[in-house]
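So the structure is just underneath, and the comments pick up after that.
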Amino acid sequence: MVESVGRPADGLTGIGLKFVDAEVEASALAVLASVETELRTSVASADPLVTEVARHLVEAGGKRFRPLLVALGAQFGDPTSPLVVPAAVVMELTHLATLYHDDVMDEAAVRRGAPSANSRWTNSVAILVGDYLFARAADIAADLGPQAVRLQARTFARLVHGQIAETVGVRAGDDPVGHYLNVIAEKTGSLIATSARFGGMFGGATPAHTEALAGYGETIGIAFQLSDDLLDIASESVQSGKTPGTDLREGVPTLPVLYALASDDDDAASVRLREILSAGPVTDDTLHAEALGLLRESPALKRARETVRSYAEDAREQLAPLPNSSARLALESLCDFIADRTS
């Protein structure tokens, strides 16, 4: 049994995928290796600066989670179909484009361990290169047919709606938790859902199997993002890819924080936690340490863990229409990993 599948470039670490079939693993890795080559080719431009900036995040690596789901979705049809790799490239280019834009909006200085494009080349250049990557994704999608173009465009629209909702914030009368879960579904779940759908579509899976893959993709995407939120609080290390408590320090209202703020528990710890969190970003080191400690012991964190587990189990149920195969077992292993990583 192989855990945390790796690709030739820098390894798909931290995903928690398990393969029980070496042939399926080799097939998925072959797709990812081809995607890596095609990504570098597809972002090339007649303008050397555009090429340099566009390759910046490609060469920084990453999990390639979306191409991986394309590769696994194709296992329910013909994974050697010549359309599978370009479909995976479309998904990763779309994802990378959003990262350029996200870093500008977040004023991020670092992405994947390297200086962000906006900090290195200015916000304007980063935004325009993000637009260029969206255009390249659409260009490749056109070779896959009108349905692929339509799906990519609709996915892009959902990404934009999610980003707008996050930027505007909770409107009067809206439930903060519902708003937050909707943002994650639009910003994260939508692209992962389309990735799994593309795998089924371009691998030639049946429509029913393709729909099941899409439902799984959206749900597992939400679960993965929520579990990252929990790791930011619960982990003692940099397991989440950033210093624990970063979201708390920056005032990012993640699920455990939203549950804590919505709580009406009247014990001293819950009251004190709400007092600290309601003031906004927790930048004072002493208060930050106190809030982090209170959150780690709070009913809010326990409730958030239950929510993550619920999404992970829902994702598993979405796979029910698929044949009981090694590819399905690999997808199910992600559900186990996500449910267990924040326990």
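Order determines the names: the first chain of the structure tokens is A, the second B, and so forth; residues in each chain are numbered 1 upward, and ligands are numbered 1 upward as they are shown.
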
Item checked: Shell around Tyr180 of chain A at 8 Å using only C-alpha atoms, local window under 2 positions removed, as a list in words ->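 So, after excluding close chain neighbours, the residues are Glu166, Pro176, Val177, Gly178, Asn182, Val183, Ile184, Thr254 and Leu255 of chain A.
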
Emit the selected residues as a short mmCIF file (atom, residue, chain, number, x, y, z; two decimals), in the first residue's frame, including C-alpha atoms.
data_model
loop_
_atom_site.label_atom_id
_atom_site.label_comp_id
_atom_site.auth_asym_id
_atom_site.auth_seq_id
_atom_site.Cartn_x
_atom_site.Cartn_y
_atom_site.Cartn_z
CA GLU A 166 -15.50 36.63 0.83
CA PRO A 176 -21.90 33.76 9.22
CA VAL A 177 -21.30 29.99 9.20
CA GLY A 178 -23.54 29.47 6.16
CA ASN A 182 -20.72 28.89 0.76
CA VAL A 183 -17.48 30.80 0.14
CA ILE A 184 -15.49 27.57 0.48
CA THR A 254 -12.45 30.24 10.08
CA LEU A 255 -15.04 27.68 11.13
#

Quick one: contact table of segment 8-96 of chain A to segment 141-154 of chain A, 9 Å max, nearest atom pair and distance in Å to one decimal per residue, counting only C-alpha atoms, chain and number order, as JSON lines?
{"residue": "A:Leu83", "atom": "CA", "partner": "A:Leu144", "partner_atom": "CA", "distance": 7.0}
{"residue": "A:Pro86", "atom": "CA", "partner": "A:Ala141", "partner_atom": "CA", "distance": 7.7}
{"residue": "A:Ala87", "atom": "CA", "partner": "A:Ala141", "partner_atom": "CA", "distance": 7.1}
{"residue": "A:Val90", "atom": "CA", "partner": "A:Ala141", "partner_atom": "CA", "distance": 6.3}
{"residue": "A:Met91", "atom": "CA", "partner": "A:Gln152", "partner_atom": "CA", "distance": 8.1}
{"residue": "A:Thr94", "atom": "CA", "partner": "A:Gln152", "partner_atom": "CA", "distance": 8.4}

Just want the 12 Å neighbourhood of Leu329 of chain A, counted on only C-alpha atoms, with same-chain residues fewer than 5 positions away dropped. Output as a short mmCIF file (atom, residue, chain, number, x, y, z; two decimals) with C-alpha atoms, in the first residue's frame.
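For reference, selection23.cif as written:
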data_model
loop_
_atom_site.label_atom_id
_atom_site.label_comp_id
_atom_site.auth_asym_id
_atom_site.auth_seq_id
_atom_site.Cartn_x
_atom_site.Cartn_y
_atom_site.Cartn_z
CA MET A 1 0.00 0.00 0.00
CA LEU A 17 -3.86 9.26 -0.79
CA LYS A 18 -3.42 5.49 -0.60
CA PHE A 19 -3.13 3.18 -3.59
CA VAL A 20 -3.79 -0.54 -3.34
CA ASP A 21 -3.04 -1.13 -7.02
CA VAL A 24 -3.49 2.59 -11.01
CA GLU A 25 -0.77 4.44 -9.13
CA LEU A 72 -8.27 9.33 -10.84
CA GLN A 75 -9.79 5.56 -14.12
CA ARG A 316 -17.59 8.88 0.63
CA LEU A 319 -18.88 7.55 -4.49
CA ALA A 320 -21.62 4.94 -4.01
CA LEU A 322 -19.07 4.04 -8.78
CA PRO A 323 -17.84 0.46 -9.23
CA ASN A 324 -15.95 -1.01 -6.30
CA LEU A 334 -8.84 10.71 1.06
CA CYS A 335 -12.05 10.69 3.11
CA ASP A 336 -10.31 8.68 5.84
#

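With only C-alpha atoms taken into account, the protein and nucleic acid residues at most 8 Å from His179 of chain A (excluding it and anything under 5 positions from it in its own chain) are Ala165, Val170 and Asp174 of chain A.
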
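For the residues A:Asn123, A:Thr243, A:Thr51, A:Ser116, ranking by smallest atom-to-atom distance to Val104 of chain A using only C-alpha atoms places A:Asn123 first.
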
Tell me, as an mmCIF file with N, CA and C atoms, in the first residue's frame, which residues lie within 10 Å of Ile276 of chain A, counting only C-alpha atoms; anything in the same chain fewer than 3 positions away does not count.
data_model
loop_
_atom_site.group_PDB
_atom_site.id
_atom_site.type_symbol
_atom_site.label_atom_id
_atom_site.label_comp_id
_atom_site.auth_asym_id
_atom_site.auth_seq_id
_atom_site.Cartn_x
_atom_site.Cartn_y
_atom_site.Cartn_z
ATOM 1 N N LEU A 261 -17.678 32.207 18.248
ATOM 2 C CA LEU A 261 -18.372 33.496 18.348
ATOM 3 C C LEU A 261 -19.887 33.321 18.434
ATOM 4 N N VAL A 271 -16.692 32.461 27.495
ATOM 5 C CA VAL A 271 -16.935 33.908 27.553
ATOM 6 C C VAL A 271 -15.652 34.669 27.246
ATOM 7 N N ARG A 272 -14.551 34.227 27.828
ATOM 8 C CA ARG A 272 -13.256 34.895 27.591
ATOM 9 C C ARG A 272 -12.835 34.753 26.132
ATOM 10 N N LEU A 273 -13.050 33.587 25.555
ATOM 11 C CA LEU A 273 -12.685 33.365 24.158
ATOM 12 C C LEU A 273 -13.483 34.297 23.248
ATOM 13 N N ALA A 279 -12.914 41.106 19.175
ATOM 14 C CA ALA A 279 -12.153 42.347 18.987
ATOM 15 C C ALA A 279 -11.444 42.393 17.637
ATOM 16 N N GLY A 280 -11.488 41.295 16.874
ATOM 17 C CA GLY A 280 -10.860 41.278 15.545
ATOM 18 C C GLY A 280 -9.540 40.532 15.555
ATOM 19 N N PRO A 281 -8.620 40.855 14.634
ATOM 20 C CA PRO A 281 -7.333 40.162 14.557
ATOM 21 C C PRO A 281 -6.616 40.147 15.904
ATOM 22 N N VAL A 282 -6.098 38.973 16.272
ATOM 23 C CA VAL A 282 -5.426 38.833 17.574
ATOM 24 C C VAL A 282 -3.922 38.943 17.330
ATOM 25 N N LEU A 287 -2.170 37.677 24.045
ATOM 26 C CA LEU A 287 -3.574 37.378 23.767
ATOM 27 C C LEU A 287 -3.698 36.259 22.736
ATOM 28 N N HIS A 288 -2.792 36.268 21.766
ATOM 29 C CA HIS A 288 -2.820 35.238 20.722
ATOM 30 C C HIS A 288 -2.613 33.855 21.341
ATOM 31 N N GLU A 290 -3.159 32.990 24.391
ATOM 32 C CA GLU A 290 -4.311 32.666 25.234
ATOM 33 C C GLU A 290 -5.488 32.194 24.378
ATOM 34 N N ALA A 291 -5.771 32.932 23.295
ATOM 35 C CA ALA A 291 -6.892 32.567 22.428
ATOM 36 C C ALA A 291 -6.674 31.208 21.780
#

Next item on the list: Find the residues around Phe134 of chain A up to 9 Å (only C-alpha atoms counted), leave out those fewer than 6 positions away in its own chain, and share them as a PyMOL selection string.
Entry: chain A and resi 90+93-98+156

Margin query: Could you tell me how far atom CA of Asp102 of chain A sits from atom CA of Ala260 of chain A, in Å to one decimal place?
Written below: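 Between atom CA of Ala260 of chain A and atom CA of Asp102 of chain A the gap is 26.8 Å.
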
Margin query: Could you pull out the strand (DSSP E or B) residues of segment 26-150 of chain A, going by DSSP on the backbone, and write them as a ChimeraX atom specification?
Written below: /A:110-111,114-115

What would the file look like if the residues just selected were written as a PDB file, in the first residue's frame with all heavy atoms?
ATOM      1  N   VAL A 110       4.612  35.785   0.230  1.00  0.00           N
ATOM      2  CA  VAL A 110       5.206  34.482  -0.072  1.00  0.00           C
ATOM      3  C   VAL A 110       4.123  33.540  -0.563  1.00  0.00           C
ATOM      4  O   VAL A 110       2.977  33.578  -0.093  1.00  0.00           O
ATOM      5  CB  VAL A 110       5.897  33.887   1.172  1.00  0.00           C
ATOM      6  CG1 VAL A 110       6.455  32.499   0.870  1.00  0.00           C
ATOM      7  CG2 VAL A 110       7.001  34.801   1.668  1.00  0.00           C
ATOM      8  N   ARG A 111       4.482  32.708  -1.525  1.00  0.00           N
ATOM      9  CA  ARG A 111       3.583  31.654  -2.015  1.00  0.00           C
ATOM     10  C   ARG A 111       4.443  30.437  -2.299  1.00  0.00           C
ATOM     11  O   ARG A 111       5.401  30.502  -3.039  1.00  0.00           O
ATOM     12  CB  ARG A 111       2.863  32.119  -3.277  1.00  0.00           C
ATOM     13  CG  ARG A 111       2.151  31.030  -4.064  1.00  0.00           C
ATOM     14  CD  ARG A 111       0.917  30.493  -3.351  1.00  0.00           C
ATOM     15  NE  ARG A 111      -0.167  31.468  -3.303  1.00  0.00           N
ATOM     16  CZ  ARG A 111      -1.381  31.184  -2.817  1.00  0.00           C
ATOM     17  NH1 ARG A 111      -1.634  29.972  -2.328  1.00  0.00           N
ATOM     18  NH2 ARG A 111      -2.327  32.109  -2.781  1.00  0.00           N
ATOM     19  N   ALA A 114       8.249  30.692  -1.934  1.00  0.00           N
ATOM     20  CA  ALA A 114       8.976  31.644  -2.784  1.00  0.00           C
ATOM     21  C   ALA A 114       8.279  32.996  -2.730  1.00  0.00           C
ATOM     22  O   ALA A 114       7.099  33.079  -2.384  1.00  0.00           O
ATOM     23  CB  ALA A 114       9.018  31.132  -4.224  1.00  0.00           C
ATOM     24  N   PRO A 115       8.991  34.075  -3.070  1.00  0.00           N
ATOM     25  CA  PRO A 115       8.326  35.380  -3.112  1.00  0.00           C
ATOM     26  C   PRO A 115       7.123  35.331  -4.055  1.00  0.00           C
ATOM     27  O   PRO A 115       7.202  34.763  -5.141  1.00  0.00           O
ATOM     28  CB  PRO A 115       9.416  36.312  -3.655  1.00  0.00           C
ATOM     29  CG  PRO A 115      10.700  35.634  -3.305  1.00  0.00           C
ATOM     30  CD  PRO A 115      10.424  34.162  -3.408  1.00  0.00           C
TER      31      PRO A 115
END

Margin query: Need to verify the contact set: Ser270 of chain A, 12 Å, only C-alpha atoms, exclusion of same-chain residues closer than 6 positions in sequence. Can you return it as an MDAnalysis selection string?
Written below: chainID A and resid 257 259:264 276:278 291 293:301

Note to self: Given only C-alpha atoms as the basis, pick out the residue of A:Thr155, A:Ile192, A:Gln318, A:Ala135 nearest to Val43 of chain A.
What the structure shows: A:Ala135

Check: With distances taken over only C-alpha atoms, which of A:Gly221, A:Gly215, A:Gly251, A:Gly203 is nearest to Ala74 of chain A?
Finding: A:Gly203

Note to self: Report, in Å with one decimal, the straight-line distance from atom CA of Met105 of chain A to atom CA of Gly173 of chain A.
What the structure shows: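 Result for atom CA of Met105 of chain A versus atom CA of Gly173 of chain A: 25.8 Å, one decimal.
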
Next item on the list: Between A:Arg305, A:Arg136, A:Lys187, A:Arg171, single out the one closest to Arg158 of chain A, counting only C-alpha atoms.
Entry: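 Of all the options, A:Lys187 lies closest to Arg158 of chain A.
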
Next item on the list: Just list the residues in segment 129-301 of chain A DSSP gives alpha helix (DSSP H) on the backbone, as a VMD selection string.
Entry: chain A and resid 129 to 144 146 to 168 176 to 184 190 to 203 207 to 234 246 to 250 255 to 262 268 to 277 285 to 296 299 to 301

Next item on the list: In Å, rounded to a single decimal, give me how far atom CA of Val84 of chain A is from atom CA of Met201 of chain A.
Entry: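 That distance, rounded to one decimal, is 8.8 Å.
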
Checklist line | Selected residue, from A:Arg328, A:Arg40, A:Arg303, A:Arg55, that lies nearest to Ala315 of chain A when counting only C-alpha atoms | finding: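 That would be A:Arg328, the residue with the smallest distance to Ala315 of chain A.
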
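If only C-alpha atoms are the atoms counted, then among A:Ala269, A:Glu306, A:Pro48, A:Phe224 the closest residue to Phe337 of chain A is A:Phe224.
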